[in-house]
Amino acid sequence: MHESLFYREQMKTNSTNISLNQTTLVFIADGWARNEFLSLLDEGLLPGIKQLIEMGGSTRDVISNVPSISIASHLSIMTSSYICDHQICAHRWLDRKNHRFRNYLGLRGIRQANREVKTPYLSFFSNFPGKTLAIQQPLTLDADQGVFAPSFKGKDIIEKASKAIQNHSFCRAVIWLPKVDELSHKFGPKSESVKKEMIETSAALATMIEELRRSERLSNTRIVFVPDHGQKTVTHPKGAKVEKLLRKSGIRAKTNSHFFYKKNLVCTSGDSFAQIYLQNKTPALCKKIAVDMSECKEIEIACWKEDDLWFFAGRRGISKAKILGETKVWYSLVQGADPLGLEKTGEINISQPSLSSGYYPDFLHQVIRSYVPNKSGDIFLFASEEFHFGRSPRVGWNFGKHKGSHGGPLFDEVVVTAVCYGFGSGLPKGPIRSADLLKSLDLIGAA
Ligand SMILES: [Zn+2]
Ligand SMILES: [Zn+2]
């Protein structure tokens, strides 16, 4: 049985000691890149966050999923399960059994995503006897109530959350703060608009903390502030068109299209992640395409899977990993130098994440745990540092022009900083995967 599933069974039978006086708030800070966040914090410009730390809270390095994309990462945070468990493999993907294209970024996408995440997994809200609330959250899961703020600005959302919590005595709430991600895509993660939004959101958090103090609830409040992923700066705002790159391999494909019948399909997410679904897949064809793609300057790394083997093709060479269980792989080079920069071959233990192993933090573990049979593509592509694949229109976005992006395995995309307040000093040190964060704080199910 899967280790995290086992955990869930335990929680179900252990749910008696619950204090309904205690409030737990989880803020999902969308796309809050680590560097920008930490330098504003250093400069003393994030008062709410600073207060949490001064009152005994602690910061933690958190490693997001790969692909580092919102909906899949929210779900991983809220259910403490990996993509292979909760099975929301991307924002756009192909349901191979029913031959249907999915797009969670379309108008009805969020409703569809909510229908499809009805997993057997316990979430932050599951089995909890007190009132639970999802504020602005795209994935409401089994919250008692979902509330939407008048705008996407962090300030408005936190004000709304503060009122709801004061007036209706919610015990658990998840609060999504999407604005920084949107601004980072449009103007870049280092832009003034992103800084301004981080500062305003933090000021609203300080006001919320003050209100909780005044109503004497602060001593019974726990707060987790966690970004779902980071953002990288892209220097080619128009991005790369995967279907154009694929012509190099003689492959014709449609991108993010419902009209893919008898064609190869490319699905993008994030927008530094793309999956290729082939009509006539063979191991040789996967290898040819991945190697061709990895030679393009637009591509950081291309991966494909054959049974229990994963292959990785990068500019430097090709490697493979044989899965030996949930925490072990056998890693070897196929050709050239190591594309992942791990500097070691043979048996590798992937149970603990590390920020410094290879070019991409925790990459082997993340990629292996992100594959969903019948849903994931035949080849995974990740955009190189300067590029993204976001050519398709997105609701509310400038068409195709991005100055920030995420979805890939680069440090800026996957390593973020979380702040946990009210959990005492017993928090384990060291980096943690975002899918393990709430579980490690005993917040999954009715704990
Ligand atoms: Zn996000
Ligand atoms: Zn985004």
# chains A, B, ... in the order shown; residues from 1 in each chain; ligands from 1
>>> select_by_dssp(residues="stretch 63-235 of chain A", states="alpha helix (DSSP H)", output="JSON, numbers by chain")
{"A": [70, 71, 72, 73, 74, 75, 76, 77, 78, 79, 83, 84, 85, 86, 109, 110, 111, 112, 113, 114, 115, 116, 154, 155, 156, 157, 158, 159, 160, 161, 162, 163, 164, 165, 166, 167, 168, 179, 180, 181, 182, 183, 184, 185, 186, 187, 192, 193, 194, 195, 196, 197, 198, 199, 200, 201, 202, 203, 204, 205, 206, 207, 208, 209, 210, 211, 212, 213, 214]}
>>> residues_around(residues="stretch 173-179 of chain A", least_positions_apart="3", cutoff="6 Å", atoms="only C-alpha atoms", output="PyMOL selection string")
chain A and resi 25-30+132-137+152-154+182
>>> closest_residue(among="A:Arg369, A:His86, A:His229, A:Lys320", to="ligand 1", atoms="only C-alpha atoms and all ligand atoms")
A:His229
>>> atom_distance(atom1="atom CA of A:Leu52", atom2="atom CA of A:Ser162")
16.0 Å
>>> select_by_dssp(residues="stretch 266-430 of chain A", states="strand (DSSP E or B)", output="PyMOL selection string")
chain A and resi 266-269+273-277+299-306+309-314+317-323+328-336+346-349+379-383+404-405+415-421
>>> residues_near_ligand(ligand="ligand 2", cutoff="8 Å", atoms="only C-alpha atoms and all ligand atoms", output="PyMOL selection string")
chain A and resi 30-31+69-70+181-182+184-185+231+270-271+405-406
>>> write_last_selection(atoms="N, CA and C atoms", output="PDB file, in the first residue's frame")
ATOM      1  N   ASP A  30       0.114  32.131  -4.696  1.00  0.00           N
ATOM      2  CA  ASP A  30       0.382  31.639  -6.050  1.00  0.00           C
ATOM      3  C   ASP A  30       1.594  32.319  -6.689  1.00  0.00           C
ATOM      4  N   GLY A  31       2.575  31.508  -7.039  1.00  0.00           N
ATOM      5  CA  GLY A  31       3.726  32.007  -7.793  1.00  0.00           C
ATOM      6  C   GLY A  31       4.605  32.997  -7.039  1.00  0.00           C
ATOM      7  N   ILE A  69       2.989  23.497 -11.530  1.00  0.00           N
ATOM      8  CA  ILE A  69       1.803  24.207 -12.037  1.00  0.00           C
ATOM      9  C   ILE A  69       0.735  24.287 -10.952  1.00  0.00           C
ATOM     10  N   SER A  70      -0.146  25.311 -11.097  1.00  0.00           N
ATOM     11  CA  SER A  70      -1.012  25.673  -9.980  1.00  0.00           C
ATOM     12  C   SER A  70      -1.962  24.569  -9.512  1.00  0.00           C
ATOM     13  N   ASP A 181       0.973  35.706  -9.112  1.00  0.00           N
ATOM     14  CA  ASP A 181       1.270  34.841 -10.254  1.00  0.00           C
ATOM     15  C   ASP A 181       0.873  35.514 -11.565  1.00  0.00           C
ATOM     16  N   GLU A 182      -0.329  36.085 -11.577  1.00  0.00           N
ATOM     17  CA  GLU A 182      -0.810  36.750 -12.789  1.00  0.00           C
ATOM     18  C   GLU A 182       0.126  37.895 -13.181  1.00  0.00           C
ATOM     19  N   SER A 184       3.247  38.260 -12.340  1.00  0.00           N
ATOM     20  CA  SER A 184       4.568  37.733 -12.719  1.00  0.00           C
ATOM     21  C   SER A 184       4.565  37.246 -14.162  1.00  0.00           C
ATOM     22  N   HIS A 185       3.476  36.600 -14.592  1.00  0.00           N
ATOM     23  CA  HIS A 185       3.384  36.191 -15.998  1.00  0.00           C
ATOM     24  C   HIS A 185       3.435  37.414 -16.912  1.00  0.00           C
ATOM     25  N   GLN A 231       8.495  31.299  -9.905  1.00  0.00           N
ATOM     26  CA  GLN A 231       8.394  31.858 -11.263  1.00  0.00           C
ATOM     27  C   GLN A 231       9.808  32.134 -11.748  1.00  0.00           C
ATOM     28  N   GLY A 270       1.348  25.875 -17.562  1.00  0.00           N
ATOM     29  CA  GLY A 270       2.254  26.566 -16.653  1.00  0.00           C
ATOM     30  C   GLY A 270       2.900  27.903 -16.918  1.00  0.00           C
ATOM     31  N   ASP A 271       3.636  28.156 -17.938  1.00  0.00           N
ATOM     32  CA  ASP A 271       3.612  27.543 -19.271  1.00  0.00           C
ATOM     33  C   ASP A 271       4.977  26.974 -19.696  1.00  0.00           C
ATOM     34  N   SER A 405       7.310  32.732 -16.100  1.00  0.00           N
ATOM     35  CA  SER A 405       6.718  31.439 -16.410  1.00  0.00           C
ATOM     36  C   SER A 405       7.108  30.425 -15.342  1.00  0.00           C
ATOM     37  N   HIS A 406       6.387  29.307 -15.327  1.00  0.00           N
ATOM     38  CA  HIS A 406       6.711  28.213 -14.402  1.00  0.00           C
ATOM     39  C   HIS A 406       6.118  26.943 -15.001  1.00  0.00           C
TER      40      HIS A 406
END
>>> closest_residue(among="A:Val414, A:Ile53, A:Leu437, A:Val329", to="ligand 1", atoms="only C-alpha atoms and all ligand atoms")
A:Val414
>>> closest_residue(among="A:His74, A:His168, A:Arg34, A:Lys196", to="ligand 1", atoms="only C-alpha atoms and all ligand atoms")
A:His74
>>> decode(residues="stretch 186-246 of chain A", atoms="C-alpha atoms", output="PDB file, in the first residue's frame")
ATOM      1  CA  LYS A 186       2.568  39.621 -17.405  1.00  0.00           C
ATOM      2  CA  PHE A 187       5.394  41.774 -16.077  1.00  0.00           C
ATOM      3  CA  GLY A 188       7.974  39.317 -14.752  1.00  0.00           C
ATOM      4  CA  PRO A 189       8.597  38.050 -11.202  1.00  0.00           C
ATOM      5  CA  LYS A 190      11.080  40.859 -10.535  1.00  0.00           C
ATOM      6  CA  SER A 191       8.727  43.635 -11.651  1.00  0.00           C
ATOM      7  CA  GLU A 192       7.561  46.543  -9.530  1.00  0.00           C
ATOM      8  CA  SER A 193       3.916  45.427  -9.851  1.00  0.00           C
ATOM      9  CA  VAL A 194       4.779  42.075  -8.287  1.00  0.00           C
ATOM     10  CA  LYS A 195       6.643  43.755  -5.424  1.00  0.00           C
ATOM     11  CA  LYS A 196       3.763  46.145  -4.838  1.00  0.00           C
ATOM     12  CA  GLU A 197       1.242  43.284  -4.703  1.00  0.00           C
ATOM     13  CA  MET A 198       3.430  41.298  -2.263  1.00  0.00           C
ATOM     14  CA  ILE A 199       3.762  44.355  -0.024  1.00  0.00           C
ATOM     15  CA  GLU A 200       0.023  45.145  -0.089  1.00  0.00           C
ATOM     16  CA  THR A 201      -0.926  41.515   0.573  1.00  0.00           C
ATOM     17  CA  SER A 202       1.454  41.390   3.487  1.00  0.00           C
ATOM     18  CA  ALA A 203       0.075  44.633   4.928  1.00  0.00           C
ATOM     19  CA  ALA A 204      -3.437  43.133   4.767  1.00  0.00           C
ATOM     20  CA  LEU A 205      -2.101  40.076   6.579  1.00  0.00           C
ATOM     21  CA  ALA A 206      -0.717  42.362   9.307  1.00  0.00           C
ATOM     22  CA  THR A 207      -4.174  43.940   9.694  1.00  0.00           C
ATOM     23  CA  MET A 208      -5.745  40.492   9.901  1.00  0.00           C
ATOM     24  CA  ILE A 209      -3.272  39.466  12.615  1.00  0.00           C
ATOM     25  CA  GLU A 210      -4.098  42.639  14.538  1.00  0.00           C
ATOM     26  CA  GLU A 211      -7.852  41.897  14.297  1.00  0.00           C
ATOM     27  CA  LEU A 212      -7.293  38.334  15.511  1.00  0.00           C
ATOM     28  CA  ARG A 213      -5.286  39.723  18.420  1.00  0.00           C
ATOM     29  CA  ARG A 214      -8.006  42.209  19.335  1.00  0.00           C
ATOM     30  CA  SER A 215     -10.691  39.525  19.332  1.00  0.00           C
ATOM     31  CA  GLU A 216      -8.392  37.315  21.428  1.00  0.00           C
ATOM     32  CA  ARG A 217      -8.232  34.605  18.807  1.00  0.00           C
ATOM     33  CA  LEU A 218      -4.606  34.958  17.827  1.00  0.00           C
ATOM     34  CA  SER A 219      -3.293  32.632  20.526  1.00  0.00           C
ATOM     35  CA  ASN A 220      -5.538  29.897  19.083  1.00  0.00           C
ATOM     36  CA  THR A 221      -4.643  30.529  15.464  1.00  0.00           C
ATOM     37  CA  ARG A 222      -2.163  28.612  13.326  1.00  0.00           C
ATOM     38  CA  ILE A 223      -1.075  29.922   9.954  1.00  0.00           C
ATOM     39  CA  VAL A 224       0.628  28.263   6.999  1.00  0.00           C
ATOM     40  CA  PHE A 225       1.705  30.560   4.192  1.00  0.00           C
ATOM     41  CA  VAL A 226       2.916  28.483   1.256  1.00  0.00           C
ATOM     42  CA  PRO A 227       3.525  29.279  -2.425  1.00  0.00           C
ATOM     43  CA  ASP A 228       2.356  26.603  -4.888  1.00  0.00           C
ATOM     44  CA  HIS A 229       5.461  27.153  -7.097  1.00  0.00           C
ATOM     45  CA  GLY A 230       7.884  29.929  -8.031  1.00  0.00           C
ATOM     46  CA  GLN A 231       8.394  31.858 -11.263  1.00  0.00           C
ATOM     47  CA  LYS A 232      11.327  32.343 -13.603  1.00  0.00           C
ATOM     48  CA  THR A 233      11.994  35.416 -15.725  1.00  0.00           C
ATOM     49  CA  VAL A 234      11.654  34.687 -19.452  1.00  0.00           C
ATOM     50  CA  THR A 235      13.541  36.758 -21.987  1.00  0.00           C
ATOM     51  CA  HIS A 236      11.595  35.591 -25.052  1.00  0.00           C
ATOM     52  CA  PRO A 237       8.088  36.807 -24.175  1.00  0.00           C
ATOM     53  CA  LYS A 238       6.557  35.371 -27.345  1.00  0.00           C
ATOM     54  CA  GLY A 239       7.674  31.914 -26.314  1.00  0.00           C
ATOM     55  CA  ALA A 240       8.323  28.751 -28.293  1.00  0.00           C
ATOM     56  CA  LYS A 241       5.759  26.888 -30.318  1.00  0.00           C
ATOM     57  CA  VAL A 242       6.180  23.175 -29.600  1.00  0.00           C
ATOM     58  CA  GLU A 243       4.313  22.113 -32.737  1.00  0.00           C
ATOM     59  CA  LYS A 244       6.842  24.078 -34.771  1.00  0.00           C
ATOM     60  CA  LEU A 245       9.796  22.465 -32.962  1.00  0.00           C
ATOM     61  CA  LEU A 246       8.259  19.034 -33.596  1.00  0.00           C
TER      62      LEU A 246
END
